[in-house]
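Structure file data-v9.cif with mmCIF, C-alpha atoms and all ligand atoms:
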data_input
loop_
_atom_site.label_atom_id
_atom_site.label_comp_id
_atom_site.auth_asym_id
_atom_site.auth_seq_id
_atom_site.Cartn_x
_atom_site.Cartn_y
_atom_site.Cartn_z
CA VAL A 1 65.86 45.67 -38.41
CA ARG A 2 67.56 47.02 -35.31
CA LEU A 3 66.70 50.59 -34.46
CA ASP A 4 69.90 51.33 -32.57
CA ARG A 5 69.89 55.02 -33.53
CA SER A 6 66.70 55.63 -31.57
CA VAL A 7 68.70 56.14 -28.37
CA SER A 8 70.94 58.83 -29.84
CA VAL A 9 71.19 62.27 -28.26
CA GLY A 10 68.56 64.09 -30.30
CA ARG A 11 65.77 61.97 -28.90
CA ALA A 12 66.29 63.49 -25.46
CA GLU A 13 65.09 66.80 -26.86
CA ALA A 14 61.83 65.17 -27.96
CA GLU A 15 61.45 63.57 -24.54
CA ALA A 16 61.93 66.95 -22.86
CA LEU A 17 59.31 68.53 -25.11
CA ASP A 18 56.89 65.77 -24.13
CA ILE A 19 57.45 66.45 -20.45
CA ASP A 20 56.58 70.12 -21.02
CA ASP A 21 53.50 69.36 -23.14
CA GLU A 22 50.34 70.53 -21.35
CA LEU A 23 48.20 68.58 -23.83
CA ALA A 24 50.02 65.29 -23.15
CA PRO A 25 47.24 63.89 -20.90
CA PHE A 26 44.84 63.90 -23.85
CA ARG A 27 46.80 61.02 -25.39
CA GLY A 28 45.41 58.80 -22.64
CA ARG A 29 41.89 59.52 -23.87
CA PHE A 30 42.52 57.48 -27.03
CA ASP A 31 42.73 53.81 -27.87
CA LEU A 32 46.42 53.61 -28.72
CA GLY A 33 46.36 50.09 -30.15
CA ASP A 34 49.71 48.35 -30.62
CA PRO A 35 52.31 50.23 -28.51
CA ASP A 36 55.02 49.33 -31.02
CA VAL A 37 53.29 51.13 -33.89
CA ILE A 38 53.75 54.88 -34.34
CA TYR A 39 50.79 56.38 -36.12
CA VAL A 40 51.42 59.45 -38.23
CA ASP A 41 48.31 59.26 -40.36
CA GLY A 42 45.81 61.11 -38.18
CA ASN A 43 45.18 63.46 -41.10
CA SER A 44 43.68 60.53 -42.98
CA LEU A 45 41.85 58.62 -40.23
CA GLY A 46 42.07 59.75 -36.61
CA ARG A 47 42.40 57.32 -33.71
CA PRO A 48 39.32 56.25 -31.73
CA PRO A 49 38.68 58.08 -28.47
CA LEU A 50 38.17 55.55 -25.65
CA SER A 51 34.81 57.12 -24.85
CA THR A 52 33.50 56.28 -28.32
CA ALA A 53 33.29 52.53 -27.70
CA THR A 54 31.55 53.07 -24.35
CA ARG A 55 29.09 55.57 -25.78
CA LEU A 56 28.31 53.38 -28.79
CA GLN A 57 27.74 50.44 -26.48
CA THR A 58 25.20 52.50 -24.53
CA VAL A 59 23.48 53.77 -27.63
CA VAL A 60 23.20 50.26 -29.05
CA THR A 61 22.01 48.51 -25.89
CA GLU A 62 19.99 51.27 -24.22
CA GLU A 63 18.80 53.74 -26.84
CA TRP A 64 18.43 51.32 -29.72
CA GLY A 65 17.95 48.06 -27.79
CA ARG A 66 15.48 49.30 -25.16
CA GLY A 67 14.23 52.59 -26.56
CA LEU A 68 13.77 51.18 -30.06
CA VAL A 69 11.98 53.52 -32.42
CA GLY A 70 11.04 55.83 -29.53
CA SER A 71 14.67 56.96 -29.37
CA TRP A 72 14.14 58.94 -32.56
CA GLU A 73 12.68 61.65 -30.29
CA SER A 74 16.24 62.48 -29.24
CA TRP A 75 18.13 61.20 -32.29
CA ILE A 76 16.24 63.46 -34.67
CA ASP A 77 18.07 66.55 -33.42
CA LEU A 78 21.53 64.99 -33.38
CA PRO A 79 22.73 66.39 -36.75
CA ARG A 80 21.81 69.92 -35.66
CA ARG A 81 23.12 69.48 -32.12
CA VAL A 82 26.51 68.25 -33.31
CA GLY A 83 26.46 70.96 -35.98
CA ASP A 84 26.06 73.62 -33.30
CA ARG A 85 29.00 72.16 -31.39
CA ILE A 86 31.19 72.24 -34.49
CA ALA A 87 30.03 75.79 -35.21
CA ALA A 88 30.75 77.13 -31.73
CA ASP A 89 33.91 75.25 -30.81
CA LEU A 90 35.73 74.53 -34.05
CA ILE A 91 34.93 76.79 -36.99
CA GLY A 92 33.78 80.16 -35.64
CA ALA A 93 30.28 79.89 -37.04
CA GLU A 94 26.88 81.07 -35.93
CA ARG A 95 24.47 78.79 -34.10
CA GLY A 96 22.11 77.13 -36.58
CA SER A 97 24.51 77.47 -39.51
CA VAL A 98 26.04 73.97 -39.44
CA VAL A 99 24.61 70.45 -39.72
CA LEU A 100 26.12 67.01 -39.75
CA SER A 101 25.09 65.35 -42.99
CA ASP A 102 26.15 62.92 -45.70
CA SER A 103 29.77 62.84 -46.88
CA THR A 104 31.98 65.80 -47.76
CA THR A 105 31.58 64.89 -51.42
CA VAL A 106 27.79 64.98 -51.30
CA ASN A 107 27.83 68.21 -49.31
CA LEU A 108 30.17 69.85 -51.82
CA TYR A 109 27.70 68.88 -54.52
CA LYS A 110 24.71 70.25 -52.63
CA LEU A 111 26.46 73.51 -51.77
CA ALA A 112 28.05 74.16 -55.17
CA SER A 113 24.84 73.34 -56.96
CA ALA A 114 22.84 75.74 -54.78
CA ALA A 115 25.48 78.44 -55.27
CA LEU A 116 25.27 78.13 -59.06
CA ASP A 117 21.48 78.34 -58.92
CA ALA A 118 21.75 81.51 -56.85
CA GLN A 119 24.04 83.22 -59.41
CA PRO A 120 22.13 82.69 -62.66
CA GLY A 121 23.95 85.26 -64.80
CA ARG A 122 27.39 83.84 -64.00
CA GLN A 123 28.85 80.91 -65.90
CA VAL A 124 32.22 80.13 -64.27
CA ILE A 125 33.47 78.13 -61.29
CA VAL A 126 37.04 78.89 -60.17
CA ALA A 127 38.90 76.10 -58.37
CA GLU A 128 42.45 75.03 -57.74
CA ALA A 129 44.08 72.66 -60.21
CA GLY A 130 45.40 69.73 -58.19
CA SER A 131 42.72 69.98 -55.52
CA PHE A 132 41.56 66.81 -53.79
CA PRO A 133 40.07 64.63 -56.57
CA THR A 134 36.56 64.40 -55.13
CA ASP A 135 36.28 68.20 -55.12
CA ALA A 136 37.43 68.30 -58.73
CA TYR A 137 35.05 65.52 -59.79
CA VAL A 138 32.03 67.18 -58.17
CA LEU A 139 32.78 70.46 -59.91
CA GLN A 140 33.53 68.73 -63.23
CA GLY A 141 30.18 66.95 -62.97
CA LEU A 142 28.30 70.15 -62.25
CA ALA A 143 30.10 71.99 -65.04
CA ALA A 144 29.26 69.22 -67.51
CA ALA A 145 25.61 69.00 -66.44
CA ARG A 146 25.04 72.75 -66.61
CA GLY A 147 27.37 73.78 -69.39
CA VAL A 148 29.33 76.16 -67.15
CA GLU A 149 33.09 76.68 -67.33
CA LEU A 150 35.36 75.15 -64.68
CA ARG A 151 38.45 77.34 -64.43
CA ALA A 152 41.09 75.26 -62.60
CA VAL A 153 44.09 77.45 -61.78
CA ARG A 154 47.31 77.39 -59.73
CA PRO A 155 47.07 78.85 -56.20
CA ASP A 156 48.90 82.03 -57.24
CA GLU A 157 46.49 82.54 -60.15
CA VAL A 158 43.26 82.42 -58.14
CA GLU A 159 42.83 86.16 -57.65
CA ASP A 160 43.44 86.94 -61.33
CA ALA A 161 40.89 84.30 -62.32
CA LEU A 162 38.09 86.08 -60.45
CA ASP A 163 36.05 88.24 -62.78
CA GLY A 164 32.42 89.24 -63.28
CA ASP A 165 31.53 85.85 -64.82
CA VAL A 166 32.49 83.86 -61.74
CA ALA A 167 29.63 82.38 -59.75
CA LEU A 168 31.68 80.39 -57.26
CA LEU A 169 35.22 80.11 -55.90
CA ALA A 170 35.78 76.59 -54.45
CA LEU A 171 39.01 75.92 -52.58
CA SER A 172 40.57 73.74 -49.88
CA HIS A 173 41.69 75.49 -46.71
CA VAL A 174 44.64 73.08 -46.31
CA ASP A 175 45.88 71.23 -49.39
CA TYR A 176 45.71 67.45 -48.97
CA ARG A 177 48.98 66.83 -50.75
CA SER A 178 51.36 69.65 -49.80
CA GLY A 179 49.74 70.64 -46.49
CA SER A 180 49.74 74.31 -47.43
CA LEU A 181 47.23 76.55 -45.70
CA VAL A 182 45.70 79.39 -47.70
CA ASP A 183 44.38 82.77 -46.63
CA MET A 184 40.68 82.08 -46.27
CA GLY A 185 39.72 85.63 -45.34
CA GLY A 186 41.77 87.28 -48.09
CA LEU A 187 40.56 84.97 -50.86
CA THR A 188 36.96 85.15 -49.69
CA ALA A 189 37.15 88.95 -49.78
CA ALA A 190 38.66 88.83 -53.28
CA ALA A 191 35.84 86.55 -54.44
CA HIS A 192 33.24 88.87 -52.93
CA ARG A 193 34.77 91.88 -54.69
CA ALA A 194 34.16 90.00 -57.94
CA GLY A 195 30.60 89.15 -56.87
CA ALA A 196 31.32 85.42 -56.44
CA LEU A 197 30.31 83.12 -53.61
CA THR A 198 32.90 81.00 -51.81
CA LEU A 199 32.92 77.31 -50.90
CA TRP A 200 35.67 75.99 -48.63
CA ASP A 201 36.71 72.38 -48.06
CA LEU A 202 37.81 72.18 -44.41
CA CYS A 203 38.74 68.47 -44.32
CA HIS A 204 42.43 69.03 -43.57
CA SER A 205 42.06 72.02 -41.29
CA VAL A 206 39.09 71.41 -39.00
CA GLY A 207 40.29 70.43 -35.54
CA ALA A 208 43.91 71.34 -36.30
CA VAL A 209 43.78 74.98 -37.45
CA PRO A 210 41.63 77.78 -35.97
CA ILE A 211 38.85 78.69 -38.39
CA ASP A 212 36.65 81.79 -38.29
CA LEU A 213 33.96 81.34 -40.91
CA ALA A 214 31.79 84.19 -39.64
CA GLY A 215 34.74 86.57 -39.25
CA ASP A 216 36.05 85.71 -42.71
CA GLU A 217 32.55 86.09 -44.17
CA VAL A 218 32.73 82.67 -45.79
CA ASP A 219 29.57 81.73 -47.66
CA LEU A 220 29.67 77.93 -47.73
CA ALA A 221 31.88 75.21 -46.30
CA ALA A 222 32.05 71.45 -45.81
CA GLY A 223 34.43 69.15 -44.01
CA CYS A 224 34.82 65.66 -42.66
CA THR A 225 34.84 64.39 -39.09
CA TYR A 226 37.07 61.34 -39.47
CA LYS A 227 40.48 63.04 -39.71
CA TYR A 228 41.52 65.44 -36.93
CA LEU A 229 38.08 65.12 -35.31
CA ASN A 230 38.47 61.36 -34.75
CA GLY A 231 34.85 60.52 -35.60
CA GLY A 232 35.66 57.14 -37.16
CA PRO A 233 35.78 55.70 -40.68
CA GLY A 234 33.00 57.16 -42.81
CA ALA A 235 31.68 59.37 -40.00
CA PRO A 236 29.26 61.93 -41.43
CA ALA A 237 30.57 65.21 -42.73
CA PHE A 238 29.30 68.68 -41.85
CA LEU A 239 28.25 71.62 -43.94
CA TYR A 240 27.99 75.35 -43.29
CA VAL A 241 25.73 77.92 -44.92
CA ARG A 242 26.13 81.60 -43.96
CA PRO A 243 22.91 82.65 -42.20
CA GLU A 244 22.18 85.60 -44.53
CA LEU A 245 22.37 83.24 -47.50
CA GLN A 246 20.10 80.57 -46.10
CA PRO A 247 16.84 82.08 -47.43
CA ARG A 248 18.40 82.51 -50.91
CA LEU A 249 19.85 79.04 -51.36
CA ARG A 250 18.00 75.84 -52.03
CA GLN A 251 19.83 72.54 -52.06
CA PRO A 252 19.25 70.19 -54.98
CA ILE A 253 18.40 66.95 -53.14
CA TRP A 254 14.92 67.31 -51.78
CA GLY A 255 14.52 64.70 -49.08
CA TRP A 256 12.15 64.20 -46.19
CA PHE A 257 14.74 65.07 -43.53
CA GLY A 258 14.97 68.52 -45.11
CA GLN A 259 11.23 68.97 -45.12
CA GLN A 260 9.47 71.41 -42.87
CA ASP A 261 7.33 69.54 -40.34
CA GLN A 262 8.66 66.22 -41.61
CA PHE A 263 6.12 63.95 -39.95
CA ALA A 264 3.14 65.82 -41.38
CA MET A 265 3.98 63.64 -44.39
CA ALA A 266 2.94 66.37 -46.83
CA GLY A 267 2.98 65.31 -50.46
CA THR A 268 4.83 68.41 -51.63
CA TYR A 269 8.32 69.51 -50.67
CA SER A 270 8.59 72.61 -48.54
CA PRO A 271 12.07 73.07 -47.09
CA ALA A 272 12.67 73.47 -43.37
CA PRO A 273 14.04 76.88 -42.37
CA GLY A 274 17.78 77.30 -41.93
CA THR A 275 20.32 74.53 -42.35
CA GLY A 276 17.71 71.90 -41.50
CA SER A 277 16.79 71.94 -45.17
CA TRP A 278 20.25 70.66 -46.07
CA LEU A 279 19.58 67.29 -44.51
CA VAL A 280 18.44 64.65 -46.97
CA GLY A 281 17.62 61.16 -45.69
CA THR A 282 17.85 59.29 -42.38
CA PRO A 283 21.13 60.22 -40.66
CA PRO A 284 23.47 57.36 -39.61
CA ILE A 285 22.92 57.71 -35.86
CA LEU A 286 25.73 55.42 -34.69
CA ALA A 287 28.20 57.29 -36.87
CA CYS A 288 26.81 60.65 -35.70
CA VAL A 289 27.29 59.57 -32.08
CA ALA A 290 30.89 58.55 -32.79
CA ALA A 291 31.50 61.90 -34.48
CA GLU A 292 30.06 63.71 -31.46
CA GLU A 293 32.48 61.91 -29.14
CA GLY A 294 35.49 62.75 -31.30
CA ILE A 295 34.45 66.39 -31.59
CA ALA A 296 33.92 66.66 -27.82
CA VAL A 297 37.54 65.66 -27.10
CA ILE A 298 38.95 68.15 -29.60
CA ALA A 299 36.67 70.90 -28.28
CA GLU A 300 37.82 70.18 -24.74
CA ALA A 301 41.49 70.44 -25.69
CA GLY A 302 40.74 73.64 -27.64
CA VAL A 303 41.76 74.33 -31.23
CA ASP A 304 44.06 77.23 -30.27
CA ARG A 305 46.12 75.05 -27.94
CA LEU A 306 46.15 72.23 -30.48
CA ARG A 307 47.36 74.63 -33.16
CA GLU A 308 50.19 75.84 -30.92
CA LYS A 309 51.35 72.28 -30.33
CA SER A 310 50.91 71.40 -33.99
CA ILE A 311 53.14 74.30 -35.04
CA ARG A 312 55.79 73.22 -32.53
CA GLN A 313 55.64 69.64 -33.75
CA THR A 314 55.70 70.41 -37.46
CA SER A 315 58.58 72.86 -36.87
CA PHE A 316 60.50 70.22 -34.94
CA CYS A 317 59.84 67.83 -37.81
CA VAL A 318 61.09 70.37 -40.39
CA ASP A 319 64.31 70.77 -38.37
CA LEU A 320 64.84 67.00 -38.42
CA PHE A 321 64.01 66.97 -42.13
CA ASP A 322 66.70 69.54 -42.85
CA SER A 323 69.34 67.70 -40.82
CA TRP A 324 68.55 64.16 -41.89
CA LEU A 325 66.37 63.85 -44.97
CA ALA A 326 67.32 66.79 -47.18
CA PRO A 327 70.86 65.39 -47.64
CA LEU A 328 69.39 62.02 -48.67
CA GLY A 329 67.48 63.24 -51.75
CA PHE A 330 64.18 64.21 -50.13
CA SER A 331 62.51 67.55 -50.76
CA LEU A 332 59.95 69.25 -48.54
CA ALA A 333 56.62 69.87 -50.31
CA THR A 334 55.12 71.73 -47.34
CA PRO A 335 55.66 75.46 -46.70
CA ARG A 336 58.38 76.25 -44.15
CA ASP A 337 56.44 79.14 -42.67
CA PRO A 338 54.17 77.59 -40.01
CA ALA A 339 51.53 80.22 -40.76
CA GLU A 340 51.25 78.71 -44.24
CA ARG A 341 50.79 75.06 -43.34
CA GLY A 342 48.35 72.77 -41.57
CA SER A 343 49.32 69.82 -39.41
CA HIS A 344 50.85 67.43 -41.91
CA LEU A 345 54.19 67.47 -43.66
CA SER A 346 54.87 66.05 -47.09
CA PHE A 347 58.22 64.69 -48.16
CA ARG A 348 58.95 64.04 -51.81
CA HIS A 349 61.32 61.26 -52.84
CA PRO A 350 61.56 59.19 -56.05
CA GLU A 351 61.13 56.02 -53.96
CA ALA A 352 58.36 57.44 -51.78
CA TRP A 353 55.97 54.54 -52.38
CA ARG A 354 58.46 51.83 -51.42
CA LEU A 355 59.81 53.84 -48.49
CA CYS A 356 56.27 54.17 -47.21
CA ARG A 357 55.82 50.40 -47.42
CA VAL A 358 59.14 49.84 -45.62
CA LEU A 359 58.02 52.12 -42.79
CA ILE A 360 54.75 50.23 -42.43
CA GLU A 361 55.98 46.66 -42.97
CA GLN A 362 59.40 46.76 -41.31
CA LEU A 363 59.83 49.81 -39.11
CA GLY A 364 56.59 50.19 -37.14
CA VAL A 365 55.58 53.59 -38.55
CA VAL A 366 52.27 54.26 -40.30
CA PRO A 367 52.28 57.31 -42.61
CA ASP A 368 50.56 57.39 -46.00
CA PHE A 369 51.55 57.88 -49.61
CA ARG A 370 50.07 60.19 -52.21
CA GLU A 371 50.83 59.98 -55.90
CA PRO A 372 53.23 60.48 -57.45
CA ASP A 373 56.05 60.71 -54.91
CA VAL A 374 54.80 62.03 -51.56
CA ILE A 375 55.06 60.53 -48.08
CA ARG A 376 52.73 62.33 -45.67
CA TYR A 377 53.37 62.55 -41.93
CA GLY A 378 50.15 63.73 -40.31
CA LEU A 379 50.90 64.94 -36.80
CA ALA A 380 47.56 65.05 -35.01
CA PRO A 381 48.53 67.08 -31.94
CA ILE A 382 45.88 65.63 -29.64
CA TYR A 383 47.63 62.24 -29.32
CA THR A 384 51.01 62.62 -31.04
CA ARG A 385 54.03 62.89 -28.75
CA TYR A 386 57.24 64.63 -29.76
CA VAL A 387 58.98 61.25 -29.68
CA ASP A 388 56.36 60.17 -32.24
CA VAL A 389 57.81 62.85 -34.49
CA TRP A 390 61.44 62.05 -33.75
CA ASP A 391 61.24 58.26 -34.15
CA PRO A 392 59.45 58.22 -37.53
CA MET A 393 61.95 60.76 -38.88
CA ASP A 394 64.84 58.68 -37.58
CA ARG A 395 63.37 55.54 -39.13
CA LEU A 396 62.78 57.19 -42.48
CA ARG A 397 66.39 58.37 -42.44
CA GLN A 398 67.51 54.84 -41.71
CA ALA A 399 65.31 53.39 -44.49
CA ALA A 400 66.72 55.85 -47.01
CA GLU A 401 70.36 55.52 -45.91
CA ASP A 402 70.21 51.74 -46.07
CA ARG A 403 68.19 51.74 -49.33
CA LEU A 404 65.63 49.50 -47.67
CA TRP A 405 63.15 50.26 -50.47
CA GLU A 406 65.01 47.63 -52.48
CA THR A 407 63.49 44.99 -50.21
CA VAL A 408 59.84 45.68 -51.18
CA SER A 409 57.68 45.64 -54.29
CA THR A 410 56.89 48.66 -56.46
CA GLU A 411 53.37 47.37 -56.99
CA ARG A 412 50.72 49.75 -55.66
CA ARG A 413 48.07 48.52 -53.24
CA ARG A 414 44.35 49.16 -53.48
CA VAL A 415 44.66 51.75 -50.69
CA THR A 416 47.79 53.86 -50.45
C1 LIG J 501 40.31 67.68 -49.01
C2 LIG J 501 39.40 66.49 -48.97
N1 LIG J 501 38.13 66.62 -49.40
C3 LIG J 501 37.28 65.55 -49.37
C4 LIG J 501 37.72 64.32 -48.92
C5 LIG J 501 36.86 63.11 -48.90
O1 LIG J 501 35.53 63.30 -48.90
P1 LIG J 501 34.53 62.11 -48.51
O2 LIG J 501 34.42 62.10 -47.04
O3 LIG J 501 33.30 62.48 -49.23
O4 LIG J 501 35.09 60.83 -48.99
C6 LIG J 501 39.02 64.16 -48.47
C7 LIG J 501 39.47 62.83 -47.99
O5 LIG J 501 40.58 62.58 -47.67
C8 LIG J 501 39.88 65.27 -48.50
O6 LIG J 501 41.15 65.13 -48.11
#

Take the structure in the file and write it out as structure tokens.
Ligand SMILES: Cc1ncc(COP(=O)(O)O)c(C=O)c1O
Amino acid sequence: VRLDRSVSVGRAEAEALDIDDELAPFRGRFDLGDPDVIYVDGNSLGRPPLSTATRLQTVVTEEWGRGLVGSWESWIDLPRRVGDRIAADLIGAERGSVVLSDSTTVNLYKLASAALDAQPGRQVIVAEAGSFPTDAYVLQGLAAARGVELRAVRPDEVEDALDGDVALLALSHVDYRSGSLVDMGGLTAAAHRAGALTLWDLCHSVGAVPIDLAGDEVDLAAGCTYKYLNGGPGAPAFLYVRPELQPRLRQPIWGWFGQQDQFAMAGTYSPAPGTGSWLVGTPPILACVAAEEGIAVIAEAGVDRLREKSIRQTSFCVDLFDSWLAPLGFSLATPRDPAERGSHLSFRHPEAWRLCRVLIEQLGVVPDFREPDVIRYGLAPIYTRYVDVWDPMDRLRQAAEDRLWETVSTERRRVT
């Protein structure tokens, strides 16, 4: 397919925005892979920072290879050290309130379970219907195991669903499908008025949207490090527990990494103070190191500056959507007000699946697809240029105008 429209006038505007972009040099800090592929899926799996390969090489050959088991002296504090970095630079949290641990799913389980234990007279969990499936499954599992009610409601029904029976409100900060960003402070305050604790999933906001957990008085939170934080596939997640709550909450998986004075090898569990008790088993050190590298680059760029660029890029993308895609049968699933969205945009189209495959297989653009009819463009501001917004929009317009979906199969793949 010839992309002859990519030299049309509008692209010059994107090029000018790139020249003015003060964050542009950060793109050079990443492994950019094939220069002919435009990656707009940083909200699913971020790109590798160049420093990650170098650092991993050192850790493998020096720390592991030469230091062998003696390197645990420094590795043992890695989950807390990286947690403190996330707390200070990314999510507005107190020192000692965050650790790197397990996956988001497992952390949601640990946190929600502890919250239910801490609210014994209350029998309801409120969550959003249509939340990311793993969040829903964890809460469904807990509700089934404990015989509590899971009240899954629409976003506009959340406040009305909060009453004196509610133990926990569990929500995503940015919705994985639509990209909408909710009012964390307002909803946390509403939950507190009803006497409920709050648990926030930060997967789609951390590293792209400023977060102030302490200021918003959030109780509990978890998030992943492999999206906007560029920690690598399966990099460990993090969890947050508000300091005042730490003495009241006990996590359900009692493991030796959460044990006070771990190497005393006591026969009875006695949790470490603070968030140390939320660790379970041996942390994946190589993956923790990769997460630390990704986080360091984002912290250096600064979330406020990244958010500014992200808003400019998603707004530019919405303008192109209105001019090019809206007339071709697409609808925008993401809020138009930048204050109400994260850093990805979602376009609905009846042929979304096949259009997504056309972009990947024929047009050199990598977005992703979410059931039933959504194409997501994740614009990770740290390495995405404005031309990387313009070109994928132009190519999607071309694919739709020329009905290129007719050239590919409707059959879904294992990973969409
Ligand atoms: C909102 C949200 N929560 C959780 C997850 C995944 O959690 P885990 O890292 O446990 O697979 C994702 C993954 O895309 C997500 O988007």

For this session: Pick out the residues sitting within 8 Å of Ser113 (chain A), and hand them over as a PyMOL selection string; count only C-alpha atoms, and ignore anything fewer than 6 positions along from it in its own chain.
Result: chain A and resi 142+251-252

Exercise. So which residues are near ligand LIG 501 (chain J), meaning at most 9 Å away with all atoms listed in the file counted, given back as a ChimeraX atom specification?
Worked result: /A:43-45,102-108,131-135,172-177,201-204,222-227,234-237

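Restricting the calculation to only C-alpha atoms, the smallest distance between Leu32 (chain A) and any of A:Ala118, A:Val124, A:Ala194, A:Leu50 is found for A:Leu50.
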
Exercise. Which neighbours of Val153 (chain A) fall inside 9 Å, counting only C-alpha atoms, when residues of the same chain fewer than 4 positions from it are skipped, and could you give them as a list in words?
Worked result: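 Listing them by chain and then by number gives Val126, Ala127, Glu128, Ala129, Gly130, Glu157, Val158 and Ala161 of chain A.
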
Next, write the just-selected residues to a file, as a short mmCIF file (atom, residue, chain, number, x, y, z; two decimals), in the coordinates of the input, keeping C-alpha atoms as the atom set.
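Writing done, so here's selection_15.cif:
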data_model
loop_
_atom_site.label_atom_id
_atom_site.label_comp_id
_atom_site.auth_asym_id
_atom_site.auth_seq_id
_atom_site.Cartn_x
_atom_site.Cartn_y
_atom_site.Cartn_z
CA VAL A 126 37.04 78.89 -60.17
CA ALA A 127 38.90 76.10 -58.37
CA GLU A 128 42.45 75.03 -57.74
CA ALA A 129 44.08 72.66 -60.21
CA GLY A 130 45.40 69.73 -58.19
CA GLU A 157 46.49 82.54 -60.15
CA VAL A 158 43.26 82.42 -58.14
CA ALA A 161 40.89 84.30 -62.32
#

10 Å contact set for Glu371 (chain A), all atoms listed in the file, chain neighbours under 6 positions out, as a compact mmCIF listing (two decimals) with C-alpha atoms, keeping the file's coordinate frame:
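Final file, around_22.txt:
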# COMPACT_ATOMS: atom_id res chain seq x y z
CA ARG A 177 48.98 66.83 -50.75
CA ARG A 348 58.95 64.04 -51.81
CA ALA A 352 58.36 57.44 -51.78
CA TRP A 353 55.97 54.54 -52.38
CA THR A 416 47.79 53.86 -50.45

Exercise. Residues at most 12 Å from Gly281 (chain A), counting only C-alpha atoms, excluding those fewer than 6 positions away in the same chain, as number ranges by chain?
Worked result: A: 76, 79, 100-102, 253-259, 262

Exercise. Quick one: residues within 10 Å of Thr407 (chain A), only C-alpha atoms counted, chain neighbours fewer than 2 positions away excluded, as a ChimeraX atom specification?
Worked result: /A:354-355,357-358,362,403-405,409-410

Problem set entry | Between CA of Ile295 (chain A) and CA of Pro273 (chain A), distance in Å (one decimal) |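 Computing it gives 25.4 Å between the two atoms.
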
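From CA of Gly207 (chain A) back to CA of Arg242 (chain A), the distance works out to 19.9 Å.
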
Problem set entry | Å distance separating CA of Ile38 (chain A) from CA of Gly329 (chain A), one decimal place |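 CA of Gly329 (chain A) lies 23.7 Å from CA of Ile38 (chain A).
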
Exercise. Which residue out of A:Leu286, A:Ala333, A:Gly92, A:Ala380 has the minimum interatomic distance to Trp64 (chain A) when only C-alpha atoms are used?
Worked result: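 Closest candidate: A:Leu286.
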
Exercise. Which is closer to Ser277 (chain A) than all the others in A:Leu239, A:Ile86, A:Val166, A:Ile298, using all atoms listed in the file?
Worked result: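 Among the listed residues, the smallest separation from Ser277 (chain A) belongs to A:Leu239.
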
For this session: Check the smallest atom-to-atom distance from each of A:Phe347, A:Asp163, A:Leu168, A:Gly267 to Arg193 (chain A) using only C-alpha atoms, then report the winner.
Result: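 Among A:Phe347, A:Asp163, A:Leu168, A:Gly267, it is A:Asp163 that comes nearest to Arg193 (chain A).
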
Exercise. Which protein, DNA or RNA residues have an atom at most 10 Å from (51.7, 70.9, -38.5), counting only C-alpha atoms? List them as a PyMOL selection string.
Worked result: chain A and resi 179-180+208-209+306-318+334+338-345+377-381

Exercise. List as a PyMOL selection string: which residues have an atom within 10 Å of (34.8, 82.7, -41.2), counting all atoms listed in the file?
Worked result: chain A and resi 91-94+184-185+188+210-221+242

For this session: Determine the nearest neighbour of Gly195 (chain A) from the options A:Asn230, A:Thr282, A:Ser346, A:Gln119, counting all atoms listed in the file.
Result: A:Gln119
